[in-house]
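Shown below: start-v7.cif, with mmCIF, C-alpha atoms.
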```cif
data_upload
loop_
_atom_site.label_atom_id
_atom_site.label_comp_id
_atom_site.auth_asym_id
_atom_site.auth_seq_id
_atom_site.Cartn_x
_atom_site.Cartn_y
_atom_site.Cartn_z
CA MET Z 1 138.30 79.45 98.87
CA PHE Z 2 141.16 79.99 101.29
CA LYS Z 3 140.82 76.60 102.95
CA LEU Z 4 140.68 74.78 99.56
CA ASN Z 5 143.85 76.45 98.36
CA LEU Z 6 145.55 75.70 101.67
CA GLY Z 7 144.60 72.02 101.52
CA TRP Z 8 145.73 71.76 97.91
CA LEU Z 9 149.03 73.44 98.76
CA LEU Z 10 149.78 71.16 101.69
CA SER Z 11 148.80 68.04 99.75
CA SER Z 12 151.00 69.07 96.83
CA THR Z 13 153.87 69.75 99.20
CA ILE Z 14 153.56 66.26 100.71
CA CYS Z 15 153.50 64.62 97.29
CA LEU Z 16 156.50 66.57 96.07
CA ALA Z 17 158.37 65.77 99.25
CA ILE Z 18 157.75 62.05 98.74
CA ILE Z 19 158.64 62.15 95.02
CA ALA Z 20 161.73 64.25 95.52
CA SER Z 21 163.04 62.15 98.40
CA PRO Z 22 165.82 59.66 97.54
CA ALA Z 23 164.79 56.09 96.96
CA SER Z 24 166.86 55.00 99.88
CA ALA Z 25 165.19 57.52 102.21
CA GLU Z 26 162.28 56.38 104.24
CA VAL Z 27 159.16 58.49 104.55
CA ASN Z 28 158.13 59.00 108.15
CA PRO Z 29 154.38 58.19 108.39
CA GLN Z 30 154.11 60.10 111.67
CA SER Z 31 155.23 63.37 110.05
CA ILE Z 32 152.62 62.93 107.31
CA VAL Z 33 149.92 62.38 109.94
CA GLN Z 34 151.02 65.53 111.76
CA ILE Z 35 150.81 67.54 108.56
CA PHE Z 36 147.25 66.36 107.89
CA GLN Z 37 146.29 67.10 111.50
CA ARG Z 38 147.53 70.66 111.11
CA LEU Z 39 145.63 70.92 107.87
CA GLU Z 40 142.41 69.88 109.64
CA ILE Z 41 143.03 72.45 112.40
CA LEU Z 42 143.51 75.22 109.83
CA GLU Z 43 140.35 74.19 108.00
CA LYS Z 44 138.39 74.20 111.25
CA LYS Z 45 139.61 77.70 112.13
CA SER Z 46 138.74 78.86 108.64
CA ARG Z 47 135.18 77.55 109.03
CA GLU Z 48 134.87 79.24 112.44
CA LEU Z 49 136.06 82.58 111.05
CA THR Z 50 133.63 82.27 108.15
CA GLY Z 51 130.75 81.58 110.56
CA GLU Z 52 131.66 84.54 112.80
CA ASN Z 53 131.84 86.79 109.75
CA GLU Z 54 128.31 85.79 108.71
CA VAL Z 55 127.01 86.45 112.25
CA LEU Z 56 128.59 89.92 112.29
CA LYS Z 57 127.09 90.74 108.89
CA HIS Z 58 123.65 89.72 110.14
CA GLN Z 59 123.99 91.83 113.30
CA ILE Z 60 125.07 94.87 111.28
CA GLU Z 61 122.06 94.52 108.99
CA GLN Z 62 119.72 94.27 111.99
CA LEU Z 63 121.23 97.40 113.58
CA LYS Z 64 120.80 99.30 110.32
CA LYS Z 65 117.13 98.30 110.15
CA VAL Z 66 116.49 99.33 113.79
CA GLN Z 67 118.20 102.70 113.31
CA LYS Z 68 116.33 103.37 110.08
CA GLN Z 69 112.98 102.52 111.70
CA GLY Z 70 113.75 104.83 114.62
CA PHE Z 71 114.36 107.79 112.33
CA LEU Z 72 111.21 106.98 110.35
CA ASN Z 73 109.11 106.99 113.54
CA VAL Z 74 110.50 110.37 114.60
CA ASP Z 75 109.91 111.71 111.10
CA GLU Z 76 106.25 110.63 111.21
CA GLN Z 77 105.72 112.24 114.64
CA ILE Z 78 107.28 115.51 113.50
CA ASP Z 79 105.04 115.59 110.42
CA GLU Z 80 101.97 114.92 112.59
CA MET Z 81 102.98 117.69 114.98
CA ARG Z 82 103.45 120.17 112.12
CA GLU Z 83 100.07 119.28 110.61
CA SER Z 84 98.43 119.69 114.01
CA LEU Z 85 99.94 123.14 114.44
CA LYS Z 86 98.85 124.12 110.92
CA VAL Z 87 95.23 123.25 111.77
CA LYS Z 88 95.48 125.27 114.94
CA ALA Z 89 96.84 128.30 113.10
CA VAL Z 90 93.99 128.23 110.55
CA THR Z 91 91.09 127.64 112.99
CA PRO Z 92 90.80 130.29 115.74
CA VAL Z 93 89.80 128.97 119.16
CA THR Z 94 87.93 132.10 120.31
CA PRO Z 95 84.79 132.55 118.16
CA LYS Z 96 84.14 136.09 119.36
CA LYS Z 97 87.56 137.43 118.41
CA PRO Z 98 88.90 135.52 115.38
CA THR Z 99 92.57 136.10 114.80
CA ALA Z 100 95.33 134.59 112.70
CA ALA Z 101 97.64 134.31 115.68
CA VAL Z 102 97.93 131.04 117.58
CA PRO Z 103 95.64 131.29 120.66
CA VAL Z 104 97.97 130.36 123.48
CA VAL Z 105 98.60 131.83 126.91
CA THR Z 106 102.12 133.23 126.66
CA ILE Z 107 103.81 132.91 130.02
CA PRO Z 108 107.65 133.07 130.06
CA PRO Z 109 109.07 129.63 131.02
CA ALA Z 110 111.71 131.20 133.24
CA LYS Z 111 109.12 132.62 135.61
CA PRO Z 112 109.78 131.44 139.21
CA ILE Z 113 107.55 128.61 140.26
CA GLU Z 114 105.36 129.36 143.24
CA LYS Z 115 104.92 126.53 145.65
CA VAL Z 116 101.35 125.47 146.19
CA VAL Z 117 100.45 124.59 149.74
CA ALA Z 118 98.49 121.36 149.94
CA PRO Z 119 94.87 122.16 150.85
CA THR Z 120 93.23 120.64 153.89
CA GLN Z 121 90.09 119.61 152.03
CA LYS Z 122 89.54 116.02 151.04
CA PRO Z 123 89.80 115.25 147.30
CA LYS Z 124 86.10 114.58 146.94
CA GLU Z 125 85.04 117.88 148.50
CA SER Z 126 84.20 120.76 146.20
CA THR Z 127 86.46 123.83 146.15
CA GLU Z 128 83.70 126.13 144.92
CA THR Z 129 82.91 128.88 147.39
CA PRO Z 130 80.19 131.53 147.15
CA VAL Z 131 81.58 134.88 146.03
CA ALA Z 132 79.80 138.19 146.33
CA PRO Z 133 78.93 139.63 142.90
CA LYS Z 134 81.07 142.75 143.33
CA THR Z 135 83.94 141.18 145.25
CA PRO Z 136 87.11 140.85 143.08
CA THR Z 137 88.69 137.41 142.94
CA THR Z 138 92.38 136.67 143.33
CA GLU Z 139 94.40 134.95 140.65
CA ILE Z 140 95.74 131.46 141.36
CA LYS Z 141 99.24 130.60 140.19
CA THR Z 142 100.64 127.11 140.06
CA ASP Z 143 103.92 126.39 138.33
CA GLY Z 144 103.61 129.60 136.31
CA VAL Z 145 100.07 128.85 135.10
CA LYS Z 146 97.52 131.66 135.13
CA THR Z 147 94.05 130.44 135.96
CA ILE Z 148 90.66 131.78 136.91
CA PRO Z 149 88.50 130.69 139.87
CA ALA Z 150 86.67 127.43 139.24
CA THR Z 151 83.16 128.52 140.17
CA THR Z 152 80.23 127.19 138.16
CA GLU Z 153 79.70 130.45 136.27
CA ASP Z 154 83.41 130.91 135.62
CA LYS Z 155 83.67 127.38 134.26
CA LYS Z 156 80.98 128.24 131.69
CA GLU Z 157 82.81 131.44 130.84
CA ALA Z 158 86.08 129.54 130.49
CA VAL Z 159 84.52 127.24 127.91
CA ALA Z 160 83.10 130.21 125.98
CA THR Z 161 86.25 132.39 126.06
CA GLY Z 162 88.95 129.73 125.95
CA LYS Z 163 90.47 130.75 129.29
CA VAL Z 164 92.12 128.19 131.53
CA ARG Z 165 90.05 127.23 134.56
CA ALA Z 166 91.59 126.94 137.98
CA PRO Z 167 92.71 123.48 139.11
CA THR Z 168 90.74 121.91 141.91
CA ALA Z 169 92.28 121.41 145.33
CA TYR Z 170 92.85 117.72 144.65
CA GLU Z 171 94.45 118.47 141.27
CA LYS Z 172 96.84 120.96 142.85
CA GLU Z 173 97.71 118.62 145.69
CA THR Z 174 98.53 115.59 143.53
CA TYR Z 175 100.40 117.68 140.95
CA GLN Z 176 102.51 119.41 143.62
CA ALA Z 177 103.34 116.03 145.20
CA ALA Z 178 104.97 114.91 141.93
CA PHE Z 179 106.58 118.30 141.30
CA ASN Z 180 108.27 118.31 144.73
CA LYS Z 181 110.08 115.05 143.88
CA MET Z 182 111.84 116.39 140.79
CA SER Z 183 115.09 117.27 142.58
CA SER Z 184 115.29 114.42 145.06
CA SER Z 185 113.89 111.59 142.93
CA PRO Z 186 113.42 112.34 139.20
CA THR Z 187 112.25 108.79 138.53
CA ALA Z 188 109.50 109.03 141.15
CA ALA Z 189 108.54 112.47 139.84
CA THR Z 190 108.26 111.14 136.29
CA GLN Z 191 106.05 108.29 137.45
CA GLY Z 192 103.94 110.71 139.49
CA PHE Z 193 103.39 113.01 136.49
CA LYS Z 194 102.46 110.06 134.27
CA GLU Z 195 99.95 108.84 136.85
CA TYR Z 196 98.57 112.36 137.14
CA ILE Z 197 97.97 112.60 133.38
CA LYS Z 198 96.40 109.15 133.33
CA LEU Z 199 93.93 109.88 136.14
CA GLN Z 200 93.30 113.58 135.38
CA PRO Z 201 93.81 114.12 131.64
CA ASN Z 202 91.49 117.16 131.55
CA SER Z 203 93.19 119.01 134.40
CA PRO Z 204 94.60 122.46 133.53
CA LEU Z 205 97.90 121.18 134.96
CA ALA Z 206 98.07 118.11 132.70
CA ALA Z 207 100.08 120.00 130.07
CA ASN Z 208 102.55 121.08 132.75
CA ALA Z 209 102.90 117.50 133.96
CA GLN Z 210 103.62 116.29 130.44
CA TYR Z 211 106.15 119.09 129.90
CA TRP Z 212 108.07 118.27 133.07
CA ILE Z 213 108.37 114.61 132.04
CA GLY Z 214 110.24 115.79 128.95
CA GLU Z 215 112.27 118.29 131.00
CA ILE Z 216 113.44 115.56 133.39
CA MET Z 217 114.63 113.42 130.47
CA TYR Z 218 116.34 116.40 128.83
CA SER Z 219 118.18 117.33 132.02
CA HIS Z 220 119.48 113.75 132.29
CA ASN Z 221 120.75 113.78 128.66
CA ASN Z 222 118.05 111.38 127.48
CA TYR Z 223 117.44 113.48 124.39
CA LYS Z 224 115.63 110.80 122.38
CA GLY Z 225 113.17 110.29 125.23
CA ALA Z 226 112.78 114.06 125.59
CA VAL Z 227 111.86 114.34 121.90
CA GLN Z 228 109.00 111.86 122.38
CA GLU Z 229 107.64 113.66 125.48
CA PHE Z 230 107.86 117.21 124.11
CA ILE Z 231 106.07 116.11 120.94
CA LYS Z 232 103.21 114.86 123.15
CA VAL Z 233 102.84 118.37 124.61
CA LEU Z 234 102.55 119.87 121.12
CA GLN Z 235 100.12 117.21 119.94
CA GLN Z 236 97.84 116.90 122.98
CA TYR Z 237 98.13 120.35 124.62
CA LYS Z 238 98.93 122.65 121.70
CA THR Z 239 96.87 125.53 123.13
CA SER Z 240 98.45 125.38 126.59
CA ASN Z 241 101.02 127.87 127.86
CA LYS Z 242 103.61 125.07 127.86
CA ALA Z 243 103.42 124.54 124.07
CA PRO Z 244 106.02 127.26 123.21
CA ASP Z 245 108.39 125.96 125.90
CA ALA Z 246 107.98 122.40 124.65
CA ALA Z 247 108.69 123.50 121.08
CA ILE Z 248 111.91 125.23 122.15
CA LYS Z 249 113.08 122.23 124.17
CA LEU Z 250 112.16 119.93 121.28
CA GLY Z 251 114.50 121.96 119.08
CA TYR Z 252 117.21 121.84 121.76
CA SER Z 253 116.84 118.05 121.95
CA PHE Z 254 117.30 117.67 118.20
CA TYR Z 255 120.26 120.05 118.43
CA ALA Z 256 121.86 117.88 121.15
CA LEU Z 257 121.32 114.83 118.92
CA LYS Z 258 123.04 116.75 116.08
CA ASN Z 259 119.94 116.31 113.95
CA TRP Z 260 120.35 119.70 112.33
CA THR Z 261 117.48 119.29 109.86
CA TYR Z 262 114.81 118.70 112.52
CA ALA Z 263 116.36 121.23 114.89
CA ARG Z 264 116.20 123.98 112.26
CA ARG Z 265 112.66 122.99 111.24
CA THR Z 266 111.49 123.06 114.87
CA PHE Z 267 112.96 126.51 115.61
CA GLU Z 268 111.41 127.86 112.41
CA ASP Z 269 108.05 126.46 113.54
CA VAL Z 270 108.43 128.35 116.83
CA LEU Z 271 108.76 131.62 114.91
CA LYS Z 272 105.79 130.68 112.71
CA TYR Z 273 103.30 129.34 115.25
CA PHE Z 274 104.25 131.23 118.44
CA PRO Z 275 105.14 134.74 117.21
CA ASP Z 276 103.59 136.39 120.28
CA ASN Z 277 105.80 134.55 122.76
CA LYS Z 278 108.79 136.89 122.94
CA ASN Z 279 110.92 134.56 125.03
CA ALA Z 280 110.40 131.58 122.70
CA VAL Z 281 111.01 133.72 119.60
CA SER Z 282 114.22 135.10 121.10
CA LEU Z 283 115.57 131.67 122.02
CA ALA Z 284 114.68 130.18 118.63
CA THR Z 285 116.26 133.11 116.75
CA LYS Z 286 119.51 132.87 118.72
CA ARG Z 287 119.82 129.13 118.17
CA LEU Z 288 119.10 129.47 114.44
CA GLU Z 289 121.82 132.13 114.19
CA LYS Z 290 124.23 129.88 116.08
CA MET Z 291 123.50 126.97 113.73
CA LYS Z 292 123.98 129.20 110.69
CA ALA Z 293 127.30 130.49 111.99
CA ALA Z 294 128.48 126.93 112.57
CA GLY Z 295 127.37 125.86 109.10
CA ASN Z 296 124.71 123.45 110.41
#
```

Exercise: express the given structure as structure tokens:
Amino acid sequence: MFKLNLGWLLSSTICLAIIASPASAEVNPQSIVQIFQRLEILEKKSRELTGENEVLKHQIEQLKKVQKQGFLNVDEQIDEMRESLKVKAVTPVTPKKPTAAVPVVTIPPAKPIEKVVAPTQKPKESTETPVAPKTPTTEIKTDGVKTIPATTEDKKEAVATGKVRAPTAYEKETYQAAFNKMSSSPTAATQGFKEYIKLQPNSPLAANAQYWIGEIMYSHNNYKGAVQEFIKVLQQYKTSNKAPDAAIKLGYSFYALKNWTYARRTFEDVLKYFPDNKNAVSLATKRLEKMKAAGN
């Protein structure tokens, strides 16, 4: 519309200039050519601006669609996680002692991590050793995880009672190799934990490996990535001792993203599904109070 009005204006100006000029005056053809050339330049610029405007509109629409889809995906994962936790709360894991509480091993996340010395046995060798019937066994601790000895009889008992079995020597060795890289090379540690989960998904340390992937992303301010990884802990390892910690860090990640709705919902879920974990309950309560005070 602009370029049509401009062309009409310039054309009218030229005509008026010719009509209004004295009869004796001569019209300079070169000046008329220059005016038309300028008109063409202005029309060209107008077309270019119109084209750029259309491109920008298209890019904005695409960005809106991508952002909307991202929030929809997170929304679906949160709903799946909540449904999974609801099923867990209704169905007790231990058949001998049914209880309404969520059957998880509640170990405080702040507990110092004990370094595991790599065993000398080869991965394929068995770690089962004969134990005298009356000889007490020692408890193995790896990254804050309480386990029981992995003898044949204890494995059967672990299945029946829901206790966590002890990791094998190879499982401890490969897990510790990835864990030791967290400070010096977070990228290598992340890759190591992912490979560990892929090759040993049933290991008692698989939940820990998944948790630390999310922790690495959270510590490097990759909060969107942390959300995805912590949700995996709650979906795939909801009965592990890392589930309460993952739920708290999931809420912290939403808080850092200023997604107050999901942050509040996650902290409320911690109070609902992990009431026996005093540390998780305390952290969730404090953050909910902070959000309320800030009007979020």

* Shortest interatomic distance to Ala256 (chain Z) - which of Z:Val281, Z:Asn222, Z:Pro244, Z:Leu271, counting all atoms listed in the file ->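 Looking only at the distances to Ala256 (chain Z), the closest residue turns out to be Z:Asn222.
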
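Distance-wise, CA of Tyr237 (chain Z) and CA of Ala207 (chain Z) end up 5.8 Å apart.
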
* To do: Would you list the contacts of Leu288 (chain Z) as an MDAnalysis selection string, taking every protein, DNA or RNA residue within 12 Å and counting all atoms listed in the file, but skipping same-chain residues closer than 3 positions in sequence?
  => chainID Z and resid 248 251:252 255 260:271 281:285 291:296

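Put simply, CA of Ser253 (chain Z) is 8.9 Å away from CA of Asn221 (chain Z).
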
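We find CA of Lys232 (chain Z) and CA of Lys181 (chain Z) to be spaced 21.8 Å apart.
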
* Asked: Mind telling me what the PyMOL selection byres ((chain Z and resi 211) around 7) catches here, as a PyMOL selection string?
  -> chain Z and resi 207-210+212-215+230+233+242+246

Just write the chosen residues, C-alpha atoms, as a PDB file, in the coordinates of the input.
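Dumped everything to result_32.pdb:
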```pdb
ATOM      1  CA  ALA Z 207     100.080 120.000 130.070  1.00  0.00           C
ATOM      2  CA  ASN Z 208     102.550 121.080 132.750  1.00  0.00           C
ATOM      3  CA  ALA Z 209     102.900 117.500 133.960  1.00  0.00           C
ATOM      4  CA  GLN Z 210     103.620 116.290 130.440  1.00  0.00           C
ATOM      5  CA  TRP Z 212     108.070 118.270 133.070  1.00  0.00           C
ATOM      6  CA  ILE Z 213     108.370 114.610 132.040  1.00  0.00           C
ATOM      7  CA  GLY Z 214     110.240 115.790 128.950  1.00  0.00           C
ATOM      8  CA  GLU Z 215     112.270 118.290 131.000  1.00  0.00           C
ATOM      9  CA  PHE Z 230     107.860 117.210 124.110  1.00  0.00           C
ATOM     10  CA  VAL Z 233     102.840 118.370 124.610  1.00  0.00           C
ATOM     11  CA  LYS Z 242     103.610 125.070 127.860  1.00  0.00           C
ATOM     12  CA  ALA Z 246     107.980 122.400 124.650  1.00  0.00           C
TER      13      ALA Z 246
END
```
